[in-house]
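A short worksheet on the structure shown next.
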Amino acid sequence: MAPLHQYLLLSALLFGIGLAGVLTRRNGLITLMGIELMLNAANLNFIAFWRHSPNPEAIEGVLLTMFAIGVAAAEVAVGLALVIAIYRRYRSVNLDEVDQLKG
Amino acid sequence: MQVLPWLILLLPLFAAVGIALGALPAHRRGVAARLSVGAAGLAFLLSVLLWSSGTQGEQGFLWLAAGALKVEFGWRLDALSVPMLLVVTGVGGLIQVYSLGYMRGDKGFGRYFAGLSLFTFAMEGIVLSTNLVQMFVFWELVGVSSYLLIGFWRERPAAADACKKAFLTNRVGDFGFFLGILLVWSLLGTVNFTEMSAVLQRQPEALGGLATLAGLLVFCGAVGKSAQFPLHVWLPDAMEGPTPVSALIHAATMVAAGVYMLCRVFFLLDVPGSVALEVIAWTGIFTALLAGVIAVQQDDIKRILAYSTLSQLGFMVLGVGLAGGSHDPAPAMFHLTTHAAFKALLFLGAGAVIHALHHQEQNIWKMGGLASKMPVTFVTFGLATLALCGFPPFSGAYSKDAILLPAYEQGRYGLLVLALTGGFLTALYMFRLVFVAFLGPAKSQAMDQAAEVRGVMKWPLILLAVPTVLAGGWGIEGVYRRAFGAAEPVEAVSWFGQIIAPLTHAPMVALLAFVAAAGGAFVAYRLYWDALTDPLPDKLGTPAEWARRRFGFDELYARIIAGTQDALAGLAAAVDRWVLAGAVVRGGHGLVELAGRVLRLVQTGNLQGYVTFFVAGTVLLLLFVLTR
Amino acid sequence: MKGLELIGLEIAVIAAGIAILLLDLWTAKEDKRRLGYAAALLVGVIFLASFAMLFEGRQEAFHGMYVLDEFALFFKRFFLIAALLVLLISVEFADRFESGVAEYYAITLFALAGMMFAASANDFTLLFVSIELVAVCFYVLVSFQRQRDRSLEAGVKYLITGALSGGFLVYGIALIYGTAGTLNFRELASLGPEVLESRLLLLGLLFVFVGLGFKIAVVPFQIWVPDVYQGAPVPTTAFLAAGSKGAGVVLLARLLYTGLRPIADRWGPVLVMLAMLTILYGGLCAIPQRNFRRLMGYSSIVNAGFILLALAAGTADGLAATLFYLAAYLYGVMGAFVVLCLARCPGQEDETCVLAGLHHRSPLLAATLTLAMVSLAGIPPAAGFFGKFQVFKAVIGQGAAFPYPAWALGVAVFGAVVSLYFYLNVVRTVFWSSTSESVAPIRISHATRWAVYLVIFAILWLGILPGAILNLAEYAVHSMGL
């Protein structure tokens, strides 16, 4: 079993990549993917912490991971529906073009 | 007797609610008038009953208990509140009667009387309050009702601006008051007047090092309501309301509330180690002089009176500030009472003039010769002028002497001289007004059709003239003095004894005050008798121009806030924030507005920009927390 | 199982949502709008039933994940009232949805269930689940007018920023789990300061705060608010302003006052700092704002600042002030949005005609709006005055123990005065602006009329006789062991 800090580094890296994706990409789909990556980074953390915890019988970590996966699925479902609706109206999934509301 | 105060308090409220529910439409104006005037009259009669019965004491029910804070709702009757109640209901009632004539034919007749009743209710609430929180609630209600009445002619943009300015400026002061209340509560553990004063009597040091701060925060409320510098800007604009409303605001309610409150919580200000009274005294005299100088160069009849109110309020506040030596602010209340009568009379007289001129003309340089056309108005206005200037034996002379006396006795000759200068200015601008508008030659065609007002508008003038002339001999000061711990004077002094009292008591002060007033009147005579235009701007040049432009306070505030900050603005930086509201109202793009516009640039509408902002904020927050 | 009876209210709400979805199948198209009354009725019944849930003190279920105490009940009732009013005004709004009216009601109910779970969350797991349940429902509710560009735009903005904050939240919880070894608030409190002060844990807590701050609309997580408030359907905005914010507040309050009490001196200053920034940002931005809905967005930010200020006190007084402030805020917001919903301007996106000359079109609505603005501005005798009063009292009552007391008070006064200005501007537009457009009177249905009366009554009641709700709030706070 790999040491804990390696998992943590990997998850931090994933989180960073996801965040960078959200920050730099205009494409709505890629933005959503970035957010997925961030959630998965957290999930990885949970599992790693759970495996290395002194009492692995307490399954809180796993439990939360399950919830997180479920929530992420719901979020993406809504998100994709929205992006499609945006595409229908704007003929583009570029979120930069959606900027009527401001001030 | 226990039910009387409740009745007095609630009658105007019932009238207001009744009108609001059923008598707003124009065809029900009779009902509205009867409800409102009836309630005011009844409240006055009951107040007289209360006064003659000599009931004193306190009653209330627990209104709100939040943790350690217990707030009652009730009434408190003592030598301070009962006479004040008479003033509010009496003068207010006469103004309502007068309004019947003045507002006849206005389409918002019902709304007007509902507003007046609400105003009366709020003011009575302040007078009867047993504690600071209750007082604050009514205090705000006064603000709300003044907002409604000043902006009564809502189709006029000036009125809409004026009512907002009045409200906002007041709120700035009120927030100081509010913080003061909470501070006092946290230090003394109670907000009830009786209990607070008991605590302070047991341990005068209870306020500790915060005494001055607490006093000044509470004073903030009075600065707003009683229109002291630097929050005085709302009062002159407030004349955009109907003239009787100005009379009400300037005489019996609203501005009186500030001085009344200061007297009510005088024990908070008059504690060892606090310099609050000193600040109060200087604020008062500064306001008095500033307003006096400005009034000399105003041309609008109501504006002159408005600045004269400011000036007299300055005297009252000075009276409170000077009471530190004698522990007795009764002179301020005395002046408040006499002023209520003659200032109401002055405003109603001005209203009569405006009414006679069909609401067309308010510039005194277009008037003239009104004395022969409107004899009753002229005589009563003249009597009120003499009282305001402080000529014996009219009431104002005695109350003004009472304020000057402590300054003389305490050897504070600087303040005395300044106050006498104020007296000089008072006579100057008032006689200017009388000479130009009433006595001088008619300066426009409109004067030909002016005629005496009749009936419901005439009688209030005559009735108000009675206290204007006689109140100096009624021993009012002695009554108020009892509220501040003094026993009643042993020997009953006759009316005549009261009238000559200043001469036997402190002839020096009386003489000086008389000389100052007479000097003012004389100068006015030399300058304005038969004058067709104002000679002062030519003679004085720039200073007169400044006074005419009210020293540019309104513009100054607008400009400071517009961001063009010069050296003065640096000094006034604190002031500027307080008055920003007033300036923003005037349409200036304030510093705040500017900041808002800049900040709104963040809101670009671009999602990626938002996300970047979000993450940058998070990072900054992390840095802030984790590096500490 | 014992847990199930404790979550009876939540189960009832979810069942109501499903029932609405089922009823939809047998309802004629033109009657679907009225399903909102059925939903409101059900919520009303559940609200009444919540008073039957009298119980023997504090109870826990699901291994301490879920807690039922007076504090939770206070918030559950708060959310129920909010949802009741929102459902009533949605019925007025329903004809502006192209389709799926029944789904709109049902999803509102599901969001309500999420909020009610949030009221009882005593554990990061339930915190996460409830907050996400609310969030996902709101992604749908915000973008419900799919034919309107603005609704879509608001939806996508809310979704992206919301999901981002959710990402932070989950990652933060993971870090807390790793360093503290527990997800329960109570157990967290028992760990002692040395664990709680560790950097990784603080980092995790901050990430959680990002997620909650997003809900409450605290600077720097407020950026979405004006856009979403402007674009979303009116009932959704109302629910966002009252319910979603309330959910964030209850979670934050529970976390701070149970789990993080030992390190109150750490979070107090941070909260005060952010509260000041929030008040300043919201107040300053609102001044030049002319669009009423955006204005309500900025107002929501200012109010978030005041709530945070009260929370930062860290005392029972502060928490009670928070509760009362929220209650007062709820009715102010509802008063404003009820008017927005009824006074429509066809074909006009900037909605100036909603306000201009409203008193000609409907004196009742003009009065309601005025009262709501007066309340939000904090003028007696309206509810908002006592809200602000309680907040100031909590701050001053703490005295020097409060972080940056003078600054905080200064900013609070500034915020109060500035907000006065922009609320009064609304009132001024209602009464003093000249209208050249058609002045067709506004028709108000009976149900909505009652909702309006309820709002007016509540604002005045809380303002004139605040004692009862204050006692309730204090009682709720005591049940937290303060």
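Residues in the structure tokens are named by chain (A, B, ... in the order shown) and by number from 1 within that chain; ligands are numbered from 1 in the order shown.
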
Please, which residues of chain C lie no more than 9 Å from chain A when the count uses only C-alpha atoms, and can they be set out as an NGL selection string?
-> :C and (124-125 or 128-129 or 132-133 or 135-136 or 139-140 or 143 or 146-147 or 149-150 or 152-157 or 159-160 or 163-164 or 166-168 or 170-175 or 177-179 or 181-183 or 226-228 or 230-231 or 285 or 289 or 294)

Limited to C-alpha atoms, could you put the picked residues into a file as a PDB file, in the first residue's frame?
```pdb
ATOM      1  CA  PHE C 124     -20.369  16.843   7.694  1.00  0.00           C
ATOM      2  CA  THR C 125     -21.979  13.992   5.770  1.00  0.00           C
ATOM      3  CA  PHE C 128     -22.885  17.868   2.375  1.00  0.00           C
ATOM      4  CA  VAL C 129     -25.910  15.858   1.333  1.00  0.00           C
ATOM      5  CA  GLU C 132     -26.216  19.521  -2.404  1.00  0.00           C
ATOM      6  CA  LEU C 133     -29.850  18.489  -2.399  1.00  0.00           C
ATOM      7  CA  ALA C 135     -28.219  23.162  -4.671  1.00  0.00           C
ATOM      8  CA  VAL C 136     -29.215  20.650  -7.352  1.00  0.00           C
ATOM      9  CA  TYR C 139     -29.977  24.610 -10.469  1.00  0.00           C
ATOM     10  CA  VAL C 140     -33.210  23.399 -11.983  1.00  0.00           C
ATOM     11  CA  SER C 143     -33.190  27.843 -15.162  1.00  0.00           C
ATOM     12  CA  ARG C 146     -35.988  27.636 -20.555  1.00  0.00           C
ATOM     13  CA  GLN C 147     -37.430  29.878 -23.228  1.00  0.00           C
ATOM     14  CA  ASP C 149     -32.262  33.721 -22.247  1.00  0.00           C
ATOM     15  CA  ARG C 150     -31.879  35.345 -18.892  1.00  0.00           C
ATOM     16  CA  LEU C 152     -30.787  30.107 -18.766  1.00  0.00           C
ATOM     17  CA  GLU C 153     -27.906  32.439 -18.191  1.00  0.00           C
ATOM     18  CA  ALA C 154     -28.722  32.725 -14.519  1.00  0.00           C
ATOM     19  CA  GLY C 155     -28.961  28.932 -14.374  1.00  0.00           C
ATOM     20  CA  VAL C 156     -25.598  28.297 -15.919  1.00  0.00           C
ATOM     21  CA  LYS C 157     -23.922  30.928 -13.783  1.00  0.00           C
ATOM     22  CA  LEU C 159     -24.545  25.995 -11.664  1.00  0.00           C
ATOM     23  CA  ILE C 160     -20.902  26.640 -12.431  1.00  0.00           C
ATOM     24  CA  ALA C 163     -20.596  23.352  -8.396  1.00  0.00           C
ATOM     25  CA  LEU C 164     -17.231  25.004  -7.906  1.00  0.00           C
ATOM     26  CA  GLY C 166     -19.361  22.330  -3.917  1.00  0.00           C
ATOM     27  CA  GLY C 167     -15.996  21.048  -5.098  1.00  0.00           C
ATOM     28  CA  PHE C 168     -14.247  23.102  -2.453  1.00  0.00           C
ATOM     29  CA  VAL C 170     -16.184  18.251  -0.488  1.00  0.00           C
ATOM     30  CA  TYR C 171     -12.452  18.613  -0.648  1.00  0.00           C
ATOM     31  CA  GLY C 172     -12.545  20.493   2.620  1.00  0.00           C
ATOM     32  CA  ILE C 173     -14.601  17.776   4.262  1.00  0.00           C
ATOM     33  CA  ALA C 174     -12.055  15.220   3.074  1.00  0.00           C
ATOM     34  CA  LEU C 175      -9.253  17.176   4.712  1.00  0.00           C
ATOM     35  CA  TYR C 177     -11.930  13.760   7.881  1.00  0.00           C
ATOM     36  CA  GLY C 178      -8.269  13.014   7.409  1.00  0.00           C
ATOM     37  CA  THR C 179      -6.958  15.267  10.170  1.00  0.00           C
ATOM     38  CA  GLY C 181     -10.697  11.399  12.063  1.00  0.00           C
ATOM     39  CA  THR C 182     -14.349  12.223  12.537  1.00  0.00           C
ATOM     40  CA  LEU C 183     -17.109  13.965  10.676  1.00  0.00           C
ATOM     41  CA  PRO C 226     -27.145  39.890  -8.606  1.00  0.00           C
ATOM     42  CA  ASP C 227     -27.106  38.040 -11.917  1.00  0.00           C
ATOM     43  CA  VAL C 228     -28.993  35.045 -10.637  1.00  0.00           C
ATOM     44  CA  GLN C 230     -32.191  39.089 -11.879  1.00  0.00           C
ATOM     45  CA  GLY C 231     -32.457  36.144 -14.238  1.00  0.00           C
ATOM     46  CA  CYS C 285     -22.931  48.395  -5.313  1.00  0.00           C
ATOM     47  CA  GLN C 289     -28.418  50.194  -9.093  1.00  0.00           C
ATOM     48  CA  ARG C 294     -30.501  43.326  -8.940  1.00  0.00           C
TER      49      ARG C 294
END
```

Within 8 Å of chain C, which residues of chain B show up when using only C-alpha atoms, listed as a PyMOL selection string?
-> chain B and resi 63-67+137+140-141+154-155+160+164+168+171-172+175+179+182-183+186+581+592-593+595-597+599-600+603+605+607+610-611+613-614+617-618+622+625-626

Could you give me the residues within stretch 211-429 of chain C that DSSP places in helix (DSSP H, G or I), as a VMD selection string?
-> chain C and resid 211 to 216 225 to 231 234 to 259 261 to 286 292 to 312 316 to 342 352 to 354 358 to 361 363 to 377 383 to 401 405 to 429

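Residues surrounding stretch 46-56 of chain B within 10 Å are B:Met1, B:Gln2, B:Leu4, B:Pro5, B:Leu7, B:Ile8, B:Ala40, B:Arg76, B:Leu77, B:Asp78, B:Ala79, B:Ser81, B:Val82, B:Pro83, B:Met84, B:Leu85, B:Leu86, B:Val87, B:Val88, B:Thr89, B:Gly90 [only C-alpha atoms; sequence separation below 6 positions excluded].
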
Tell me which protein, DNA and RNA residues are within 6 Å of stretch 393-407 of chain B, counting only C-alpha atoms, leaving out same-chain ones fewer than 3 positions away, and put them as number ranges by chain.
-> B: 319, 331, 334-335, 387-388, 390, 410, 412, 416, 468-472

Please, could you write that set of residues out with C-alpha atoms as a PDB file, in the first residue's frame?
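Written out: selection.pdb:
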```pdb
ATOM      1  CA  GLY B 319     -29.086  76.376  27.331  1.00  0.00           C
ATOM      2  CA  PRO B 331     -34.071  77.500  30.801  1.00  0.00           C
ATOM      3  CA  PHE B 334     -38.585  77.437  29.064  1.00  0.00           C
ATOM      4  CA  HIS B 335     -37.335  78.807  25.777  1.00  0.00           C
ATOM      5  CA  ALA B 387     -41.250  88.092  21.439  1.00  0.00           C
ATOM      6  CA  LEU B 388     -38.716  86.344  19.259  1.00  0.00           C
ATOM      7  CA  GLY B 390     -36.617  89.306  23.153  1.00  0.00           C
ATOM      8  CA  GLN B 410     -20.501  81.294  35.408  1.00  0.00           C
ATOM      9  CA  ARG B 412     -18.291  82.565  30.517  1.00  0.00           C
ATOM     10  CA  LEU B 416     -22.315  85.438  26.483  1.00  0.00           C
ATOM     11  CA  THR B 468     -46.676  84.920  22.933  1.00  0.00           C
ATOM     12  CA  VAL B 469     -47.293  88.061  24.901  1.00  0.00           C
ATOM     13  CA  LEU B 470     -47.945  86.792  28.382  1.00  0.00           C
ATOM     14  CA  ALA B 471     -46.072  83.522  28.907  1.00  0.00           C
ATOM     15  CA  GLY B 472     -43.114  85.306  30.406  1.00  0.00           C
TER      16      GLY B 472
END
```

Excluding stretch 114-117 of chain B and any residue of its chain fewer than 3 positions from it, enumerate the residues within 7 Å of it, using only C-alpha atoms, and give them as an MDAnalysis selection string.
-> chainID B and resid 12:13 15:16 19:20 36 110:111 120:121 145 148:149
